[in-house]
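Colleague: My structure is in upload-v7.txt, and what it holds is compact mmCIF, C-alpha atoms and all ligand atoms:
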```txt
# COMPACT_ATOMS: atom_id res chain seq x y z
CA MET A 1 0.99 5.55 -41.06
CA ALA A 2 4.63 5.29 -42.05
CA THR A 3 5.19 4.02 -45.57
CA TYR A 4 7.27 1.09 -46.79
CA PRO A 5 10.03 0.46 -47.40
CA MET A 6 11.90 2.03 -44.49
CA PRO A 7 14.98 3.79 -45.89
CA ASP A 8 17.94 1.90 -44.51
CA SER A 9 20.15 4.93 -45.10
CA ASP A 10 18.55 6.31 -41.92
CA ILE A 11 19.72 3.29 -40.00
CA SER A 12 23.28 3.75 -41.23
CA LEU A 13 23.29 7.40 -40.15
CA SER A 14 21.99 6.50 -36.71
CA VAL A 15 24.48 3.64 -36.41
CA GLN A 16 27.30 6.06 -37.24
CA ALA A 17 26.06 8.56 -34.65
CA VAL A 18 26.02 5.92 -31.91
CA ARG A 19 29.27 4.29 -33.02
CA SER A 20 31.14 7.58 -32.65
CA LEU A 21 30.32 7.39 -28.91
CA MET A 22 30.31 3.62 -28.32
CA PRO A 23 32.07 1.45 -30.92
CA GLU A 24 30.13 -1.71 -30.08
CA VAL A 25 26.92 -2.59 -28.33
CA HIS A 26 26.72 -6.03 -26.72
CA VAL A 27 23.50 -5.72 -24.74
CA GLY A 28 20.42 -3.69 -25.63
CA ILE A 29 17.71 -2.97 -23.09
CA ILE A 30 14.31 -1.59 -24.07
CA LEU A 31 12.58 0.02 -21.11
CA GLY A 32 8.79 0.07 -21.23
CA SER A 33 6.18 2.30 -19.59
CA GLY A 34 7.38 3.71 -16.28
CA LEU A 35 10.49 1.48 -16.28
CA GLY A 36 12.97 4.14 -17.40
CA ALA A 37 14.76 4.46 -14.04
CA ALA A 38 17.54 2.11 -15.16
CA ALA A 39 18.45 4.51 -17.97
CA GLN A 40 18.33 7.47 -15.60
CA GLN A 41 20.72 5.69 -13.26
CA VAL A 42 23.17 5.00 -16.09
CA ALA A 43 22.85 8.59 -17.29
CA ASP A 44 23.68 9.79 -13.76
CA ASN A 45 26.76 7.56 -13.70
CA GLN A 46 28.69 8.97 -16.64
CA GLY A 47 26.46 7.39 -19.25
CA LEU A 48 26.18 9.12 -22.60
CA VAL A 49 22.72 10.34 -23.54
CA ILE A 50 21.44 10.69 -27.10
CA PRO A 51 17.88 12.01 -27.50
CA TYR A 52 15.96 10.04 -30.13
CA SER A 53 15.53 13.34 -32.00
CA GLU A 54 19.28 13.24 -32.77
CA LEU A 55 19.09 9.79 -34.35
CA PRO A 56 18.01 10.01 -38.01
CA GLY A 57 14.98 7.84 -38.70
CA MET A 58 14.31 7.06 -35.04
CA PRO A 59 10.58 7.46 -34.33
CA GLN A 60 9.77 9.92 -31.55
CA THR A 61 7.99 8.71 -28.42
CA GLN A 62 4.69 10.35 -27.48
CA VAL A 63 3.30 8.30 -24.61
CA ALA A 64 3.76 9.61 -21.04
CA GLY A 65 6.54 7.72 -19.24
CA HIS A 66 8.48 7.09 -22.47
CA GLU A 67 11.35 9.57 -22.27
CA GLY A 68 12.74 9.08 -25.77
CA ARG A 69 16.48 8.79 -25.33
CA LEU A 70 19.27 6.30 -25.83
CA VAL A 71 21.64 5.98 -22.88
CA LEU A 72 25.04 4.34 -23.34
CA GLY A 73 26.67 2.76 -20.30
CA SER A 74 30.23 3.25 -19.13
CA GLY A 75 32.59 1.36 -16.80
CA GLU A 76 31.03 -1.97 -15.88
CA LEU A 77 28.16 -1.18 -18.23
CA GLN A 78 30.37 -0.42 -21.24
CA GLY A 79 28.69 -1.98 -24.29
CA VAL A 80 25.20 -1.71 -22.76
CA ALA A 81 22.68 0.50 -24.58
CA LEU A 82 19.40 1.41 -22.90
CA LEU A 83 16.41 2.67 -24.83
CA GLN A 84 14.36 4.80 -22.49
CA GLY A 85 10.96 4.63 -24.13
CA ARG A 86 9.50 3.06 -27.27
CA VAL A 87 6.82 3.69 -29.85
CA HIS A 88 3.75 1.50 -30.29
CA SER A 89 1.71 0.41 -33.28
CA TYR A 90 -1.35 2.18 -31.84
CA GLU A 91 0.55 5.48 -32.30
CA GLY A 92 0.32 4.84 -36.03
CA HIS A 93 3.76 3.33 -36.63
CA ALA A 94 4.40 0.50 -39.06
CA VAL A 95 6.44 -2.51 -37.92
CA ASP A 96 9.60 -1.21 -39.57
CA ARG A 97 9.42 1.86 -37.31
CA LEU A 98 8.68 -0.20 -34.20
CA THR A 99 11.81 -2.23 -34.89
CA PHE A 100 14.06 0.67 -35.93
CA ALA A 101 15.96 0.86 -32.65
CA THR A 102 16.35 -2.92 -32.44
CA ARG A 103 17.70 -3.09 -35.99
CA MET A 104 20.07 -0.21 -35.27
CA LEU A 105 21.46 -1.96 -32.17
CA ALA A 106 21.74 -5.20 -34.15
CA GLU A 107 23.98 -3.39 -36.64
CA LEU A 108 26.08 -2.17 -33.73
CA GLY A 109 26.78 -5.76 -32.72
CA MET A 110 24.10 -6.42 -30.09
CA GLN A 111 24.13 -10.07 -28.99
CA THR A 112 21.49 -9.92 -26.27
CA LEU A 113 18.24 -7.97 -26.15
CA ILE A 114 16.36 -7.48 -22.90
CA VAL A 115 12.92 -6.14 -23.75
CA SER A 116 10.58 -4.98 -21.02
CA ASN A 117 7.02 -3.77 -20.81
CA ALA A 118 4.23 -2.87 -18.45
CA ALA A 119 1.45 -5.45 -18.57
CA GLY A 120 -1.87 -6.36 -17.08
CA GLY A 121 -1.93 -9.56 -15.02
CA ILE A 122 -4.42 -12.17 -16.18
CA GLN A 123 -3.27 -15.13 -14.11
CA ALA A 124 -4.73 -15.51 -10.62
CA GLY A 125 -1.95 -14.79 -8.15
CA TYR A 126 -0.24 -12.15 -10.31
CA SER A 127 -0.23 -8.88 -8.36
CA PRO A 128 0.72 -5.36 -9.38
CA GLY A 129 4.47 -4.99 -8.86
CA ASP A 130 5.32 -8.61 -9.77
CA LEU A 131 7.55 -9.43 -12.73
CA MET A 132 6.86 -12.07 -15.38
CA LEU A 133 9.62 -13.55 -17.52
CA ILE A 134 8.13 -14.19 -20.95
CA ASP A 135 8.41 -17.81 -22.10
CA GLY A 136 5.77 -17.71 -24.83
CA HIS A 137 3.59 -15.22 -26.63
CA TRP A 138 0.35 -14.82 -28.48
CA THR A 139 -0.63 -12.08 -30.87
CA LEU A 140 -3.11 -11.26 -33.59
CA CYS A 141 -1.49 -7.91 -34.41
CA ASP A 142 0.78 -7.15 -37.34
CA VAL A 143 4.22 -7.85 -35.91
CA GLN A 144 6.27 -9.07 -38.88
CA GLU A 145 8.76 -7.04 -40.85
CA ARG A 146 7.59 -6.61 -44.47
CA ASP A 147 10.46 -8.50 -46.04
CA SER A 148 10.06 -11.54 -43.83
CA ALA A 149 7.14 -12.98 -45.76
CA LYS A 150 8.92 -13.08 -49.10
CA SER A 151 12.56 -13.54 -48.13
CA SER A 152 14.20 -16.73 -47.01
CA LEU A 153 14.41 -15.13 -43.58
CA GLY A 154 10.67 -15.87 -43.37
CA LYS A 155 11.70 -19.40 -42.50
CA THR A 156 13.63 -18.08 -39.58
CA VAL A 157 10.54 -16.28 -38.31
CA ASN A 158 8.59 -19.50 -38.38
CA SER A 159 11.27 -21.30 -36.50
CA VAL A 160 11.90 -18.61 -33.89
CA GLY A 161 8.48 -19.46 -32.48
CA ARG A 162 10.15 -22.37 -30.72
CA CYS A 163 13.18 -20.54 -29.46
CA LEU A 164 12.33 -16.83 -29.52
CA TRP A 165 12.59 -16.61 -25.75
CA SER A 166 16.08 -17.81 -24.91
CA SER A 167 15.92 -20.65 -22.40
CA ARG A 168 19.48 -19.84 -21.32
CA LEU A 169 18.45 -16.28 -20.42
CA LEU A 170 15.23 -17.48 -18.78
CA GLN A 171 17.23 -19.80 -16.57
CA LEU A 172 19.74 -17.11 -15.68
CA ALA A 173 17.04 -14.52 -14.95
CA SER A 174 14.96 -16.86 -12.82
CA SER A 175 18.01 -17.90 -10.80
CA LEU A 176 18.69 -14.34 -9.61
CA PRO A 177 16.93 -13.52 -6.36
CA SER A 178 14.86 -10.36 -6.09
CA ALA A 179 12.64 -8.64 -3.58
CA LEU A 180 10.05 -8.78 -6.37
CA LYS A 181 8.01 -11.86 -7.08
CA ILE A 182 9.11 -13.30 -10.42
CA HIS A 183 6.75 -15.48 -12.47
CA GLN A 184 7.20 -17.04 -15.87
CA GLY A 185 4.44 -17.08 -18.46
CA CYS A 186 2.88 -16.27 -21.80
CA TYR A 187 2.47 -12.64 -22.95
CA ALA A 188 -0.39 -11.58 -25.20
CA MET A 189 0.18 -8.54 -27.38
CA MET A 190 -3.01 -6.64 -28.13
CA SER A 191 -3.18 -3.68 -30.48
CA GLY A 192 -4.39 -1.03 -28.01
CA PRO A 193 -4.51 1.86 -27.34
CA ASN A 194 -7.63 1.01 -25.37
CA TYR A 195 -7.25 -1.46 -22.55
CA GLU A 196 -8.95 -4.76 -23.22
CA ALA A 197 -12.63 -5.50 -22.81
CA PRO A 198 -13.32 -7.97 -19.99
CA ALA A 199 -14.47 -10.49 -22.64
CA GLU A 200 -11.08 -10.21 -24.37
CA ILE A 201 -9.34 -10.97 -21.09
CA ARG A 202 -11.54 -14.04 -20.62
CA MET A 203 -10.56 -15.12 -24.14
CA LEU A 204 -6.85 -14.55 -23.47
CA ARG A 205 -7.07 -16.50 -20.25
CA GLY A 206 -8.69 -19.36 -22.18
CA LEU A 207 -5.83 -19.19 -24.68
CA GLY A 208 -3.31 -19.73 -21.91
CA CYS A 209 -1.98 -16.18 -21.57
CA GLN A 210 -0.84 -14.93 -18.19
CA ALA A 211 -0.22 -11.24 -18.98
CA VAL A 212 -1.30 -8.72 -21.60
CA GLY A 213 0.30 -5.63 -23.12
CA MET A 214 0.67 -3.64 -26.31
CA SER A 215 4.30 -3.99 -27.32
CA THR A 216 7.46 -6.10 -27.22
CA ILE A 217 6.75 -8.79 -29.81
CA PRO A 218 7.84 -6.78 -32.90
CA GLU A 219 11.19 -5.92 -31.29
CA ALA A 220 11.70 -9.46 -29.97
CA LEU A 221 11.01 -10.99 -33.40
CA ALA A 222 13.26 -8.51 -35.18
CA ALA A 223 16.10 -9.34 -32.80
CA ALA A 224 15.60 -13.11 -32.98
CA ARG A 225 15.57 -13.00 -36.78
CA ARG A 226 19.04 -11.52 -36.57
CA GLY A 227 20.33 -14.25 -34.28
CA ILE A 228 20.15 -12.15 -31.12
CA GLU A 229 19.24 -13.84 -27.82
CA VAL A 230 16.09 -12.33 -26.33
CA LEU A 231 14.80 -12.05 -22.79
CA GLY A 232 11.34 -10.53 -22.31
CA ILE A 233 10.21 -9.11 -18.98
CA SER A 234 6.74 -7.87 -18.09
CA CYS A 235 6.19 -5.69 -15.07
CA ILE A 236 2.67 -6.45 -13.92
CA THR A 237 1.29 -2.98 -13.29
CA ASN A 238 -2.39 -3.79 -12.85
CA VAL A 239 -4.90 -6.56 -12.76
CA ALA A 240 -6.25 -7.02 -16.31
CA ALA A 241 -9.60 -5.50 -17.31
CA GLY A 242 -12.66 -6.98 -15.70
CA LEU A 243 -10.71 -8.84 -13.02
CA SER A 244 -11.10 -6.07 -10.45
CA ASP A 245 -13.63 -3.32 -9.72
CA GLN A 246 -11.05 -0.61 -10.44
CA PRO A 247 -11.27 1.16 -13.80
CA LEU A 248 -7.91 0.98 -15.56
CA ASP A 249 -5.85 3.98 -16.57
CA HIS A 250 -2.31 4.82 -17.61
CA SER A 251 -1.50 6.65 -14.36
CA GLU A 252 -2.00 3.37 -12.43
CA VAL A 253 0.42 1.70 -14.84
CA SER A 254 3.07 4.39 -14.38
CA GLU A 255 2.60 4.54 -10.59
CA THR A 256 2.98 0.79 -10.09
CA ALA A 257 6.02 0.62 -12.37
CA GLY A 258 7.50 3.58 -10.45
CA SER A 259 6.91 1.86 -7.11
CA VAL A 260 9.10 -1.13 -8.05
CA GLU A 261 11.78 0.75 -9.96
CA THR A 262 14.50 0.48 -7.29
CA GLU A 263 14.16 -3.31 -6.99
CA PHE A 264 13.71 -3.71 -10.74
CA VAL A 265 16.84 -1.70 -11.58
CA ASP A 266 18.90 -3.55 -8.96
CA TRP A 267 17.80 -6.94 -10.32
CA LEU A 268 18.25 -5.87 -13.96
CA PHE A 269 21.83 -4.68 -13.46
CA ARG A 270 22.77 -7.82 -11.53
CA LEU A 271 21.42 -9.77 -14.49
CA VAL A 272 23.28 -7.68 -17.08
CA LYS A 273 26.57 -8.14 -15.23
CA ARG A 274 26.08 -11.93 -15.42
CA LEU A 275 25.57 -12.00 -19.22
N1 LIG A 301 -3.49 -4.18 -20.94
C1 LIG A 301 -2.72 -3.83 -21.99
N2 LIG A 301 -1.59 -3.17 -21.85
C2 LIG A 301 -1.20 -2.85 -20.60
C3 LIG A 301 -1.95 -3.20 -19.47
C4 LIG A 301 -3.17 -3.90 -19.65
O1 LIG A 301 -3.92 -4.23 -18.71
N3 LIG A 301 -1.28 -2.71 -18.39
C5 LIG A 301 -0.15 -2.13 -18.85
N4 LIG A 301 -0.09 -2.21 -20.18
```
Before we go any further, please render this structure as structure tokens.
Ligand code: HPA
Modeller:
Amino acid sequence: MATYPMPDSDISLSVQAVRSLMPEVHVGIILGSGLGAAAQQVADNQGLVIPYSELPGMPQTQVAGHEGRLVLGSGELQGVALLQGRVHSYEGHAVDRLTFATRMLAELGMQTLIVSNAAGGIQAGYSPGDLMLIDGHWTLCDVQERDSAKSSLGKTVNSVGRCLWSSRLLQLASSLPSALKIHQGCYAMMSGPNYEAPAEIRMLRGLGCQAVGMSTIPEALAAARRGIEVLGISCITNVAAGLSDQPLDHSEVSETAGSVETEFVDWLFRLVKRL
């Protein structure tokens, strides 16, 4: 487990490293499991690539499908920073580590965060390959930054519950056509790393959740606390545990995400250009 407090000197060093290549970041995009193709496309189009290992304090990704690099856009995507891969709490990271990249981009001027994930579909009618725009969330995991409980910013955390998921961005995202089916619903963050027990999925369904994953909320909260507008996107990669006869595994998650990457990237970049 990482220890508290997180040295902020690391953040400053990482901010300096990025700033020397891109003075300001306007839009940050966190790409979840198997959704890294957007970063690859930017990298192939004169984007600048910084491996996480070159950013002081940045936690290193371990999970398959999480490349571990920051890609900075150029041309039309100037000011757009893509994080290809993230770390999870089940890898042993404390919240301050999970939010490191988000806090770094916030210091670089980020105004909009698009945070994506792979998720299991709970709602009937959600199929692998669909997208879900997040308009609410549910979690029992530790997702708050340590200082939020005691500082006045704690108030902000309470109030972001109402507006964490920007209705402006939800409207914009849902107005853009896509070959993919786009739903809107509530995301449950579970601690992982195991997939849920069927009974947990029944509970989450009863609580009004439409999709389930193991990430996203810490980054979204950290961004919202800093006044950044947040859009959350789940790629439904599988039917949640117990809702089909298939046993679940990570390769199914990566394969499904990979199968929609062309449409997802196309839709995502059309969205970013409208921000
Ligand atoms: N549960 C939790 N996390 C996930 C799932 C799931 O079914 N699919 C992809 N990430």
Colleague: I need the residue nearest ligand LIG 301 (chain A) from this list: A:Val49, A:Val212, A:Val42, A:Ile233. Use all atoms listed in the file for the distance.
Modeller: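 Selected residue with least distance to ligand LIG 301 (chain A): A:Val212.
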Colleague: Which residues are near Ala39 in chain A? Cut-off 10 Å, only C-alpha atoms, ignore same chain within fewer than 3 positions. Put them as a PyMOL selection string.
Modeller: chain A and resi 29-31+35-36+42-45+47+49+67+69-73+81-85+265
Colleague: Please identify all polymer residues within 12 Å of His183 in chain A, counting all atoms listed in the file, omitting same-chain residues fewer than 5 positions from it, and present them as a list in words.
Modeller: Gly121, Gln123, Ala124, Gly125, Tyr126, Ser127, Gly129, Asp130, Leu131, Met132, Leu133, Ile134, Asp135, Leu170, Ala173, Ser174, Ser175, Ser178, Gln210, Ala211, Gly232, Ile233, Ser234, Cys235 and Ile236 of chain A
Colleague: If you keep C-alpha atoms, can you produce a file of those selected residues as a CSV table (one decimal), in the coordinates of the input?
Modeller:
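The file below, again.csv, is the result:
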```
chain,number,residue,atom,x,y,z
A,121,GLY,CA,-1.9,-9.6,-15.0
A,123,GLN,CA,-3.3,-15.1,-14.1
A,124,ALA,CA,-4.7,-15.5,-10.6
A,125,GLY,CA,-2.0,-14.8,-8.2
A,126,TYR,CA,-0.2,-12.2,-10.3
A,127,SER,CA,-0.2,-8.9,-8.4
A,129,GLY,CA,4.5,-5.0,-8.9
A,130,ASP,CA,5.3,-8.6,-9.8
A,131,LEU,CA,7.6,-9.4,-12.7
A,132,MET,CA,6.9,-12.1,-15.4
A,133,LEU,CA,9.6,-13.6,-17.5
A,134,ILE,CA,8.1,-14.2,-21.0
A,135,ASP,CA,8.4,-17.8,-22.1
A,170,LEU,CA,15.2,-17.5,-18.8
A,173,ALA,CA,17.0,-14.5,-15.0
A,174,SER,CA,15.0,-16.9,-12.8
A,175,SER,CA,18.0,-17.9,-10.8
A,178,SER,CA,14.9,-10.4,-6.1
A,210,GLN,CA,-0.8,-14.9,-18.2
A,211,ALA,CA,-0.2,-11.2,-19.0
A,232,GLY,CA,11.3,-10.5,-22.3
A,233,ILE,CA,10.2,-9.1,-19.0
A,234,SER,CA,6.7,-7.9,-18.1
A,235,CYS,CA,6.2,-5.7,-15.1
A,236,ILE,CA,2.7,-6.4,-13.9
```
Colleague: Using all atoms listed in the file, which residues have at least one atom no more than 7 Å from ligand LIG 301 (chain A)? Output them as a list of chain:residue names.
Modeller: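 Counting only what the definition allows, namely all atoms listed in the file, the set is A:Ala118, A:Ala119, A:Gly120, A:Gly121, A:Met190, A:Gly192, A:Tyr195, A:Glu196, A:Val212, A:Gly213, A:Met214, A:Thr237, A:Asn238, A:Val239, A:Ala240, A:Ala241, A:Val253.
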Colleague: From the set A:Glu24, A:Asp249, A:Asp96, A:Glu91, which residue has the shortest atom-to-atom contact distance to Asp10 in chain A, counting only C-alpha atoms?
Modeller: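 Of the candidates, the smallest distance to Asp10 in chain A is held by A:Asp96.
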Colleague: Would you list the contacts of Met58 in chain A as a PyMOL selection string, taking every protein, DNA or RNA residue within 12 Å and counting all atoms listed in the file, but skipping same-chain residues closer than 5 positions in sequence?
Modeller: chain A and resi 6-15+17+50-53+68-70+83+85-87+93+96-105
Colleague: Given the selection you just returned, output its residues as a file containing C-alpha atoms, formatted as a PDB file, in the frame of the given file.
Modeller:
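Once everything was written out, this is again15.pdb:
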```pdb
ATOM      1  CA  MET A   6      11.900   2.030 -44.490  1.00  0.00           C
ATOM      2  CA  PRO A   7      14.980   3.790 -45.890  1.00  0.00           C
ATOM      3  CA  ASP A   8      17.940   1.900 -44.510  1.00  0.00           C
ATOM      4  CA  SER A   9      20.150   4.930 -45.100  1.00  0.00           C
ATOM      5  CA  ASP A  10      18.550   6.310 -41.920  1.00  0.00           C
ATOM      6  CA  ILE A  11      19.720   3.290 -40.000  1.00  0.00           C
ATOM      7  CA  SER A  12      23.280   3.750 -41.230  1.00  0.00           C
ATOM      8  CA  LEU A  13      23.290   7.400 -40.150  1.00  0.00           C
ATOM      9  CA  SER A  14      21.990   6.500 -36.710  1.00  0.00           C
ATOM     10  CA  VAL A  15      24.480   3.640 -36.410  1.00  0.00           C
ATOM     11  CA  ALA A  17      26.060   8.560 -34.650  1.00  0.00           C
ATOM     12  CA  ILE A  50      21.440  10.690 -27.100  1.00  0.00           C
ATOM     13  CA  PRO A  51      17.880  12.010 -27.500  1.00  0.00           C
ATOM     14  CA  TYR A  52      15.960  10.040 -30.130  1.00  0.00           C
ATOM     15  CA  SER A  53      15.530  13.340 -32.000  1.00  0.00           C
ATOM     16  CA  GLY A  68      12.740   9.080 -25.770  1.00  0.00           C
ATOM     17  CA  ARG A  69      16.480   8.790 -25.330  1.00  0.00           C
ATOM     18  CA  LEU A  70      19.270   6.300 -25.830  1.00  0.00           C
ATOM     19  CA  LEU A  83      16.410   2.670 -24.830  1.00  0.00           C
ATOM     20  CA  GLY A  85      10.960   4.630 -24.130  1.00  0.00           C
ATOM     21  CA  ARG A  86       9.500   3.060 -27.270  1.00  0.00           C
ATOM     22  CA  VAL A  87       6.820   3.690 -29.850  1.00  0.00           C
ATOM     23  CA  HIS A  93       3.760   3.330 -36.630  1.00  0.00           C
ATOM     24  CA  ASP A  96       9.600  -1.210 -39.570  1.00  0.00           C
ATOM     25  CA  ARG A  97       9.420   1.860 -37.310  1.00  0.00           C
ATOM     26  CA  LEU A  98       8.680  -0.200 -34.200  1.00  0.00           C
ATOM     27  CA  THR A  99      11.810  -2.230 -34.890  1.00  0.00           C
ATOM     28  CA  PHE A 100      14.060   0.670 -35.930  1.00  0.00           C
ATOM     29  CA  ALA A 101      15.960   0.860 -32.650  1.00  0.00           C
ATOM     30  CA  THR A 102      16.350  -2.920 -32.440  1.00  0.00           C
ATOM     31  CA  ARG A 103      17.700  -3.090 -35.990  1.00  0.00           C
ATOM     32  CA  MET A 104      20.070  -0.210 -35.270  1.00  0.00           C
ATOM     33  CA  LEU A 105      21.460  -1.960 -32.170  1.00  0.00           C
TER      34      LEU A 105
END
```
Colleague: Can you tell me how far CA of Lys181 in chain A sits from CA of Cys163 in chain A, in Å to one decimal?
Modeller: 24.6 Å
Colleague: As a CSV table (one decimal) with C-alpha atoms, in the frame of the given file, please: the residues near range 139-142 of chain A (cut-off 9 Å, all atoms listed in the file, same-chain neighbours under 4 positions excluded).
Modeller:
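Now in around28.csv:
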```
chain,number,residue,atom,x,y,z
A,89,SER,CA,1.7,0.4,-33.3
A,94,ALA,CA,4.4,0.5,-39.1
A,95,VAL,CA,6.4,-2.5,-37.9
A,187,TYR,CA,2.5,-12.6,-23.0
A,188,ALA,CA,-0.4,-11.6,-25.2
A,189,MET,CA,0.2,-8.5,-27.4
A,190,MET,CA,-3.0,-6.6,-28.1
A,191,SER,CA,-3.2,-3.7,-30.5
A,217,ILE,CA,6.8,-8.8,-29.8
A,218,PRO,CA,7.8,-6.8,-32.9
```
Colleague: Would you compute the distance between CA of Ser215 in chain A and CA of Leu275 in chain A? Give it in Å to one decimal.
Modeller: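 Interatomic distance here is 24.1 Å.
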Colleague: If you measure from CA of Leu164 in chain A to CA of Gly208 in chain A, what distance in Å do you get, rounded to one decimal?
Modeller: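 Atom-to-atom, CA of Leu164 in chain A and CA of Gly208 in chain A are spaced 17.6 Å apart.
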Colleague: Using all atoms listed in the file for the distances, tell me which of A:Gln246, A:Gln40, A:Gln60, A:Ser74 is nearest to His88 in chain A.
Modeller: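 Among the listed residues, the smallest separation from His88 in chain A belongs to A:Gln60.
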